[in-house]
>>> print(open('start37.txt').read())   # compact mmCIF, C-alpha atoms (C1' of nucleotides)
# COMPACT_ATOMS: atom_id res chain seq x y z
CA MET Q 32 159.72 138.35 232.62
CA VAL Q 33 161.81 141.30 231.69
CA SER Q 34 165.40 141.00 232.77
CA VAL Q 35 167.38 144.20 232.91
CA LYS Q 36 171.13 144.15 232.96
CA SER Q 37 172.36 146.95 235.17
CA PRO Q 38 173.46 149.92 233.09
CA ALA Q 39 176.25 151.24 235.19
CA PRO Q 40 179.41 149.19 235.66
CA PRO Q 41 181.78 150.65 233.12
CA ALA Q 42 182.62 147.37 231.43
CA ALA Q 43 185.12 145.66 233.70
CA CYS Q 44 184.95 148.07 236.56
CA CYS Q 45 187.75 149.16 238.77
CA SER Q 46 191.39 148.61 238.18
CA PRO Q 47 193.46 147.33 241.11
CA LEU Q 48 194.40 149.84 243.78
CA ALA Q 49 197.98 148.96 243.04
CA ALA Q 50 197.68 149.64 239.31
CA PRO Q 51 200.85 151.42 238.14
CA ALA Q 52 199.19 154.60 236.91
CA MET Q 53 195.62 155.14 237.93
CA SER Q 54 193.97 158.09 236.23
CA GLU Q 55 191.83 160.57 238.06
CA GLY Q 56 188.83 159.12 236.25
CA ASP Q 57 189.71 155.59 237.39
CA ALA Q 58 189.75 156.85 240.95
CA VAL Q 59 186.32 158.40 240.56
CA THR Q 60 184.92 155.18 239.12
CA THR Q 61 186.42 153.06 241.86
CA ALA Q 62 185.20 155.40 244.58
CA ARG Q 63 181.71 155.31 243.08
CA VAL Q 64 181.48 151.55 243.47
CA PHE Q 65 182.75 151.60 247.05
CA LYS Q 66 180.34 154.41 247.86
CA ALA Q 67 177.59 151.92 247.09
CA LEU Q 68 179.08 149.61 249.72
CA ALA Q 69 179.54 152.36 252.28
CA ASP Q 70 176.23 152.02 254.08
CA PRO Q 71 175.26 149.37 256.66
CA HIS Q 72 171.80 148.86 255.21
CA ARG Q 73 173.18 148.30 251.75
CA VAL Q 74 175.70 145.83 253.12
CA ARG Q 75 172.85 143.96 254.78
CA ILE Q 76 170.87 143.93 251.55
CA LEU Q 77 173.84 142.40 249.75
CA ASN Q 78 174.24 139.85 252.51
CA LEU Q 79 170.56 139.00 252.34
CA LEU Q 80 170.62 138.53 248.58
CA ALA Q 81 173.88 136.62 248.65
CA ASN Q 82 172.15 134.08 250.87
CA SER Q 83 169.00 133.77 248.79
CA ARG Q 84 168.75 131.07 246.19
CA ASP Q 85 166.36 133.13 244.09
CA ALA Q 86 165.81 136.80 243.44
CA VAL Q 87 163.93 138.66 246.18
CA CYS Q 88 161.14 141.19 245.78
CA VAL Q 89 161.29 144.69 247.27
CA CYS Q 90 158.58 143.99 249.81
CA ASP Q 91 160.50 141.06 251.30
CA ILE Q 92 163.72 143.07 251.40
CA THR Q 93 161.86 145.93 253.08
CA ASP Q 94 160.59 143.56 255.76
CA ARG Q 95 163.96 141.97 256.43
CA ILE Q 96 165.91 145.22 256.52
CA ASP Q 97 163.27 147.07 258.51
CA LEU Q 98 163.21 150.31 256.57
CA ALA Q 99 160.40 152.26 254.95
CA GLN Q 100 159.72 151.10 251.43
CA PRO Q 101 160.95 154.30 249.72
CA THR Q 102 164.20 154.04 251.64
CA THR Q 103 164.64 150.46 250.53
CA SER Q 104 164.05 151.46 246.91
CA PHE Q 105 166.59 154.23 247.37
CA HIS Q 106 169.26 151.78 248.50
CA LEU Q 107 168.38 149.23 245.84
CA LYS Q 108 168.78 151.88 243.20
CA LYS Q 109 172.25 152.78 244.46
CA LEU Q 110 173.34 149.17 244.49
CA THR Q 111 171.87 148.50 241.07
CA SER Q 112 173.35 151.51 239.37
CA ALA Q 113 176.72 150.63 240.85
CA GLY Q 114 176.33 147.34 239.02
CA LEU Q 115 176.23 145.21 242.15
CA LEU Q 116 172.62 144.07 241.76
CA GLU Q 117 170.39 142.98 238.92
CA ARG Q 118 166.72 143.79 238.65
CA GLN Q 119 163.94 141.80 237.03
CA GLN Q 120 160.37 142.94 236.71
CA GLN Q 121 157.52 140.45 236.90
CA GLY Q 122 154.13 142.09 236.74
CA THR Q 123 153.91 144.51 239.62
CA TRP Q 124 156.85 142.91 241.41
CA ALA Q 125 160.50 143.84 241.13
CA TYR Q 126 163.00 141.14 241.99
CA TYR Q 127 166.58 141.89 242.89
CA SER Q 128 169.56 139.58 242.90
CA ILE Q 129 173.34 139.72 243.26
CA ASN Q 130 175.44 140.41 240.18
CA HIS Q 131 178.00 137.74 240.97
CA GLU Q 132 180.24 138.62 238.07
CA VAL Q 133 180.77 142.19 239.18
CA LEU Q 134 181.06 141.36 242.85
CA ASN Q 135 183.59 138.65 242.15
CA HIS Q 136 185.62 140.95 239.98
CA LEU Q 137 185.95 143.42 242.85
CA ARG Q 138 188.39 141.04 244.53
CA SER Q 139 190.97 142.03 241.95
CA VAL Q 140 190.88 145.59 243.24
CA PHE Q 141 192.71 144.41 246.34
CA GLU Q 142 195.13 142.13 244.56
CA VAL Q 143 198.70 142.83 245.43
CA LYS Q 144 201.09 144.49 243.07
CA GLU Q 145 202.01 142.29 240.13
CA ALA Q 146 205.30 140.52 240.71
CA ARG Q 147 208.12 143.02 240.58
CA ARG Q 148 210.61 142.15 237.93
CA MET N 296 211.51 156.26 264.55
CA VAL N 297 208.18 155.68 266.18
CA SER N 298 206.00 153.22 264.32
CA VAL N 299 202.34 153.26 265.14
CA LYS N 300 200.11 150.34 264.28
CA SER N 301 196.70 151.61 263.25
CA PRO N 302 194.28 151.34 266.12
CA ALA N 303 191.05 150.70 264.27
CA PRO N 304 190.61 147.51 262.31
CA PRO N 305 188.61 145.24 264.61
CA ALA N 306 191.03 142.36 264.52
CA ALA N 307 190.31 140.53 261.25
CA CYS N 308 187.92 143.04 259.81
CA CYS N 309 184.92 142.36 257.71
CA SER N 310 183.27 139.03 257.20
CA PRO N 311 182.40 138.05 253.63
CA LEU N 312 179.32 139.66 252.12
CA ALA N 313 178.03 136.15 251.60
CA ALA N 314 178.46 135.15 255.23
CA PRO N 315 175.47 133.07 256.31
CA ALA N 316 174.27 135.34 259.10
CA MET N 317 175.76 138.79 259.20
CA SER N 318 174.84 140.79 262.30
CA GLU N 319 173.82 144.40 262.19
CA GLY N 320 177.12 145.24 263.84
CA ASP N 321 179.06 143.36 261.19
CA ALA N 322 177.31 145.42 258.56
CA VAL N 323 178.26 148.64 260.31
CA THR N 324 181.88 147.56 260.54
CA THR N 325 182.02 146.54 256.91
CA ALA N 326 180.37 149.75 255.77
CA ARG N 327 182.85 151.77 257.79
CA VAL N 328 185.80 150.30 255.93
CA PHE N 329 184.24 150.85 252.53
CA LYS N 330 183.35 154.38 253.52
CA ALA N 331 187.07 155.00 253.73
CA LEU N 332 187.40 153.83 250.14
CA ALA N 333 184.43 155.85 248.93
CA ASP N 334 186.30 159.00 247.91
CA PRO N 335 188.35 159.53 244.74
CA HIS N 336 191.14 161.36 246.56
CA ARG N 337 191.49 158.57 249.06
CA VAL N 338 191.59 156.02 246.26
CA ARG N 339 194.36 158.02 244.64
CA ILE N 340 196.27 158.17 247.91
CA LEU N 341 196.08 154.39 248.21
CA ASN N 342 197.19 154.03 244.62
CA LEU N 343 200.07 156.38 245.20
CA LEU N 344 201.24 154.54 248.30
CA ALA N 345 200.74 151.13 246.72
CA ASN N 346 203.25 152.17 244.09
CA SER N 347 205.83 153.59 246.44
CA ARG N 348 208.63 151.40 247.65
CA ASP N 349 208.92 153.36 250.87
CA ALA N 350 206.58 155.27 253.12
CA VAL N 351 205.69 158.76 251.89
CA CYS N 352 205.50 161.97 253.91
CA VAL N 353 202.39 164.14 254.04
CA CYS N 354 203.99 166.96 252.08
CA ASP N 355 204.73 164.67 249.13
CA ILE N 356 201.24 163.22 249.20
CA THR N 357 199.79 166.72 249.32
CA ASP N 358 201.78 167.66 246.23
CA ARG N 359 200.83 164.57 244.25
CA ILE N 360 197.15 164.67 245.12
CA ASP N 361 196.86 168.43 244.72
CA LEU N 362 194.86 169.23 247.82
CA ALA N 363 195.38 171.66 250.65
CA GLN N 364 197.49 170.19 253.43
CA PRO N 365 194.66 170.06 256.02
CA THR N 366 192.47 168.21 253.53
CA THR N 367 195.22 165.69 252.90
CA SER N 368 195.60 165.12 256.61
CA PHE N 369 191.85 164.68 256.86
CA HIS N 370 191.89 161.91 254.24
CA LEU N 371 194.95 160.26 255.71
CA LYS N 372 193.26 160.11 259.07
CA LYS N 373 190.21 158.43 257.57
CA LEU N 374 192.32 155.83 255.80
CA THR N 375 194.48 155.21 258.84
CA SER N 376 191.65 154.82 261.29
CA ALA N 377 189.97 152.42 258.89
CA GLY N 378 193.16 150.39 259.20
CA LEU N 379 194.15 150.75 255.57
CA LEU N 380 197.27 152.81 256.21
CA GLU N 381 200.09 152.83 258.72
CA ARG N 382 201.72 155.93 260.09
CA GLN N 383 205.27 156.46 261.25
CA GLN N 384 206.63 159.61 262.77
CA GLN N 385 210.19 160.70 262.15
CA GLY N 386 211.05 164.02 263.70
CA THR N 387 208.71 166.57 262.22
CA TRP N 388 207.74 164.29 259.38
CA ALA N 389 204.92 161.80 259.24
CA TYR N 390 205.26 158.91 256.80
CA TYR N 391 202.35 156.89 255.58
CA SER N 392 202.32 153.47 253.96
CA ILE N 393 199.87 150.78 252.89
CA ASN N 394 198.75 148.21 255.46
CA HIS N 395 199.10 145.29 253.10
CA GLU N 396 197.73 142.77 255.53
CA VAL N 397 194.40 144.54 255.95
CA LEU N 398 194.06 145.46 252.30
CA ASN N 399 194.81 141.93 251.23
CA HIS N 400 192.27 140.55 253.66
CA LEU N 401 189.55 142.68 252.10
CA ARG N 402 189.55 140.36 249.10
CA SER N 403 187.80 137.77 251.23
CA VAL N 404 184.82 140.08 251.60
CA PHE N 405 183.98 139.42 247.97
CA GLU N 406 184.67 135.70 248.05
CA VAL N 407 181.79 133.65 246.78
CA LYS N 408 179.59 131.61 249.03
CA GLU N 409 181.37 128.58 250.47
CA ALA N 410 180.69 125.45 248.43
CA ARG N 411 177.08 124.41 248.84
CA ARG N 412 176.72 120.91 250.21
C1' DC C 235 135.86 151.04 235.77
C1' DC C 236 137.20 150.98 240.32
C1' DT C 237 140.15 149.09 243.90
C1' DT C 238 144.13 147.06 245.51
C1' DT C 239 148.87 145.99 245.53
C1' DA C 240 153.89 146.78 244.47
C1' DC C 241 157.19 149.79 243.50
C1' DA C 242 159.38 154.24 242.04
C1' DT C 243 159.79 159.13 242.46
C1' DC C 244 159.31 163.67 244.75
C1' DG C 245 160.03 167.04 248.42
C1' DA C 246 161.66 168.18 252.75
C1' DC C 247 164.39 167.44 256.82
C1' DG C 248 168.52 166.73 259.60
C1' DA C 249 173.00 164.66 259.59
C1' DT C 250 177.31 163.80 257.75
C1' DC C 251 181.07 164.93 254.53
C1' DA C 252 184.86 167.37 251.87
C1' DT C 253 187.21 171.46 251.69
C1' DC C 254 190.24 175.17 253.17
C1' DG C 255 192.12 179.25 255.88
C1' DA C 256 193.74 180.02 260.35
C1' DT C 257 195.92 178.33 264.24
C1' DC C 258 198.60 175.22 267.17
C1' DA C 259 202.34 171.93 268.70
C1' DA C 260 206.63 169.90 268.03
C1' DA C 261 211.17 169.44 266.07
C1' DG C 262 215.31 171.24 264.08
C1' DG C 263 218.43 174.50 262.71
C1' DA C 264 220.45 179.42 262.68
C1' DT S 69 216.42 181.98 271.91
C1' DC S 70 214.08 182.88 267.73
C1' DC S 71 212.69 181.37 263.16
C1' DT S 72 211.29 177.85 259.95
C1' DT S 73 209.17 173.68 258.62
C1' DT S 74 205.94 169.79 259.13
C1' DG S 75 201.72 168.14 260.08
C1' DA S 76 197.47 167.94 263.08
C1' DT S 77 193.37 170.29 264.66
C1' DC S 78 189.69 173.83 264.71
C1' DG S 79 185.82 176.42 262.68
C1' DA S 80 183.09 177.62 258.98
C1' DT S 81 181.19 176.67 254.40
C1' DG S 82 178.61 174.37 250.90
C1' DA S 83 177.46 169.87 249.10
C1' DT S 84 175.88 165.31 249.47
C1' DC S 85 173.48 161.59 251.92
C1' DG S 86 169.85 158.78 254.42
C1' DT S 87 165.28 158.94 255.81
C1' DC S 88 160.30 158.98 255.30
C1' DG S 89 155.49 160.72 254.19
C1' DA S 90 153.02 161.87 250.20
C1' DT S 91 152.24 161.09 245.60
C1' DG S 92 152.59 158.89 241.08
C1' DT S 93 152.36 154.76 238.03
C1' DA S 94 151.46 150.40 236.34
C1' DA S 95 149.61 145.74 236.76
C1' DA S 96 146.00 142.45 238.38
C1' DG S 97 141.40 141.30 240.13
C1' DG S 98 136.76 142.07 241.07
>>> encode(input="start37.txt", output="structure tokens")
Amino acid sequence: MVSVKSPAPPAACCSPLAAPAMSEGDAVTTARVFKALADPHRVRILNLLANSRDAVCVCDITDRIDLAQPTTSFHLKKLTSAGLLERQQQGTWAYYSINHEVLNHLRSVFEVKEARR
Amino acid sequence: MVSVKSPAPPAACCSPLAAPAMSEGDAVTTARVFKALADPHRVRILNLLANSRDAVCVCDITDRIDLAQPTTSFHLKKLTSAGLLERQQQGTWAYYSINHEVLNHLRSVFEVKEARR
DNA sequence: CCTTTACATCGACGATCATCGATCAAAGGA
DNA sequence: TCCTTTGATCGATGATCGTCGATGTAAAGG
């Protein structure tokens, strides 16, 4: 079993929207992550994986989402390279699962401005 | 001063990604909101407004974001109709501000699965 | 070695998006 | 009443995106 940590999420991705001085680069990074969430099929894939105890192979995801297999791979790649999913290879099969750490961290993006002194 | 509540956000928008059974429609709704966040300029607009004590007029936003005025209006419309911004008109000026309620609620989208029994 | 299965990549397509100049509507002043 | 200013909308553009059939690749089984 070869487990592959996703390559993308720039360390601790995405400063809060209310961060005092967000650089242009920060904005690009943040937008990139949300772009991965900006498609109904990808949202459904996340929902599917979030409700699966174990990792799920591409063929099962393809069935559940009702897309052609290349299209499913396309979406999985976007989600993975945004850091939202993890991929493990087992023989001919590829298993995908939620990257809970990254997804959980995204909550902080919407955290309100730190207490004003 | 005419204050206009944004028309879009379907009540309490966006169920958690880990919701047990997300409908296809839920996925579309969720994706629509994140699509509004999926552009660097729009992220910067949110960041700008999140750090402004008061609402900001289009001309000031245009200056700070460094886009042509029609492009700024285009982005503001996307953010507003996603429910992320509020718009107030004052004479010839239009003032935009963060819809804190909606933005804050978005944190719940990334909340982890409810305790497993 | 050949076949099958699972998945990724390629190439092409139509659709949507971001951008901006030009134009329009509305609100104040002079 | 005219001119100026603000901001929204229109129309055109180039770029990106989602989709899928065809093809490629790698593993497993006969």
>>> residues_around(input="start37.txt", residues="DT257 of chain C", least_positions_apart="3", cutoff="12 Å", atoms="all atoms listed in the file", output="short mmCIF file (atom, residue, chain, number, x, y, z; two decimals) with C-alpha atoms (C1' of nucleotides), in the coordinates of the input")
data_model
loop_
_atom_site.label_atom_id
_atom_site.label_comp_id
_atom_site.auth_asym_id
_atom_site.auth_seq_id
_atom_site.Cartn_x
_atom_site.Cartn_y
_atom_site.Cartn_z
CA PRO N 365 194.66 170.06 256.02
"C1'" DA S 76 197.47 167.94 263.08
"C1'" DT S 77 193.37 170.29 264.66
"C1'" DC S 78 189.69 173.83 264.71
"C1'" DG S 79 185.82 176.42 262.68
#
>>> interface_residues(input="start37.txt", of="chain C", to="chain Q", cutoff="10 Å", atoms="all atoms listed in the file", output="list in words")
DT239, DA240, DC241, DA242 and DT243 of chain C
>>> interface_residues(input="start37.txt", of="chain N", to="chain Q", cutoff="9 Å", atoms="all atoms listed in the file", output="number ranges by chain")
N: 311-339, 341-346, 395, 398-408
>>> write_last_selection(input="start37.txt", atoms="C-alpha atoms", output="compact mmCIF listing (two decimals), in the coordinates of the input")
# COMPACT_ATOMS: atom_id res chain seq x y z
CA PRO N 311 182.40 138.05 253.63
CA LEU N 312 179.32 139.66 252.12
CA ALA N 313 178.03 136.15 251.60
CA ALA N 314 178.46 135.15 255.23
CA PRO N 315 175.47 133.07 256.31
CA ALA N 316 174.27 135.34 259.10
CA MET N 317 175.76 138.79 259.20
CA SER N 318 174.84 140.79 262.30
CA GLU N 319 173.82 144.40 262.19
CA GLY N 320 177.12 145.24 263.84
CA ASP N 321 179.06 143.36 261.19
CA ALA N 322 177.31 145.42 258.56
CA VAL N 323 178.26 148.64 260.31
CA THR N 324 181.88 147.56 260.54
CA THR N 325 182.02 146.54 256.91
CA ALA N 326 180.37 149.75 255.77
CA ARG N 327 182.85 151.77 257.79
CA VAL N 328 185.80 150.30 255.93
CA PHE N 329 184.24 150.85 252.53
CA LYS N 330 183.35 154.38 253.52
CA ALA N 331 187.07 155.00 253.73
CA LEU N 332 187.40 153.83 250.14
CA ALA N 333 184.43 155.85 248.93
CA ASP N 334 186.30 159.00 247.91
CA PRO N 335 188.35 159.53 244.74
CA HIS N 336 191.14 161.36 246.56
CA ARG N 337 191.49 158.57 249.06
CA VAL N 338 191.59 156.02 246.26
CA ARG N 339 194.36 158.02 244.64
CA LEU N 341 196.08 154.39 248.21
CA ASN N 342 197.19 154.03 244.62
CA LEU N 343 200.07 156.38 245.20
CA LEU N 344 201.24 154.54 248.30
CA ALA N 345 200.74 151.13 246.72
CA ASN N 346 203.25 152.17 244.09
CA HIS N 395 199.10 145.29 253.10
CA LEU N 398 194.06 145.46 252.30
CA ASN N 399 194.81 141.93 251.23
CA HIS N 400 192.27 140.55 253.66
CA LEU N 401 189.55 142.68 252.10
CA ARG N 402 189.55 140.36 249.10
CA SER N 403 187.80 137.77 251.23
CA VAL N 404 184.82 140.08 251.60
CA PHE N 405 183.98 139.42 247.97
CA GLU N 406 184.67 135.70 248.05
CA VAL N 407 181.79 133.65 246.78
CA LYS N 408 179.59 131.61 249.03
>>> atom_distance(input="start37.txt", atom1="atom CA of Gln120 of chain Q", atom2="atom C1' of DC85 of chain S")
27.4 Å
>>> atom_distance(input="start37.txt", atom1="atom CA of Leu116 of chain Q", atom2="atom CA of Glu132 of chain Q")
10.1 Å
>>> interface_residues(input="start37.txt", of="chain S", to="chain Q", cutoff="9 Å", atoms="all atoms listed in the file", output="ChimeraX atom specification")
/S:86-88,94-96
>>> atom_distance(input="start37.txt", atom1="atom CA of Asp85 of chain Q", atom2="atom CA of Ser310 of chain N")
22.2 Å
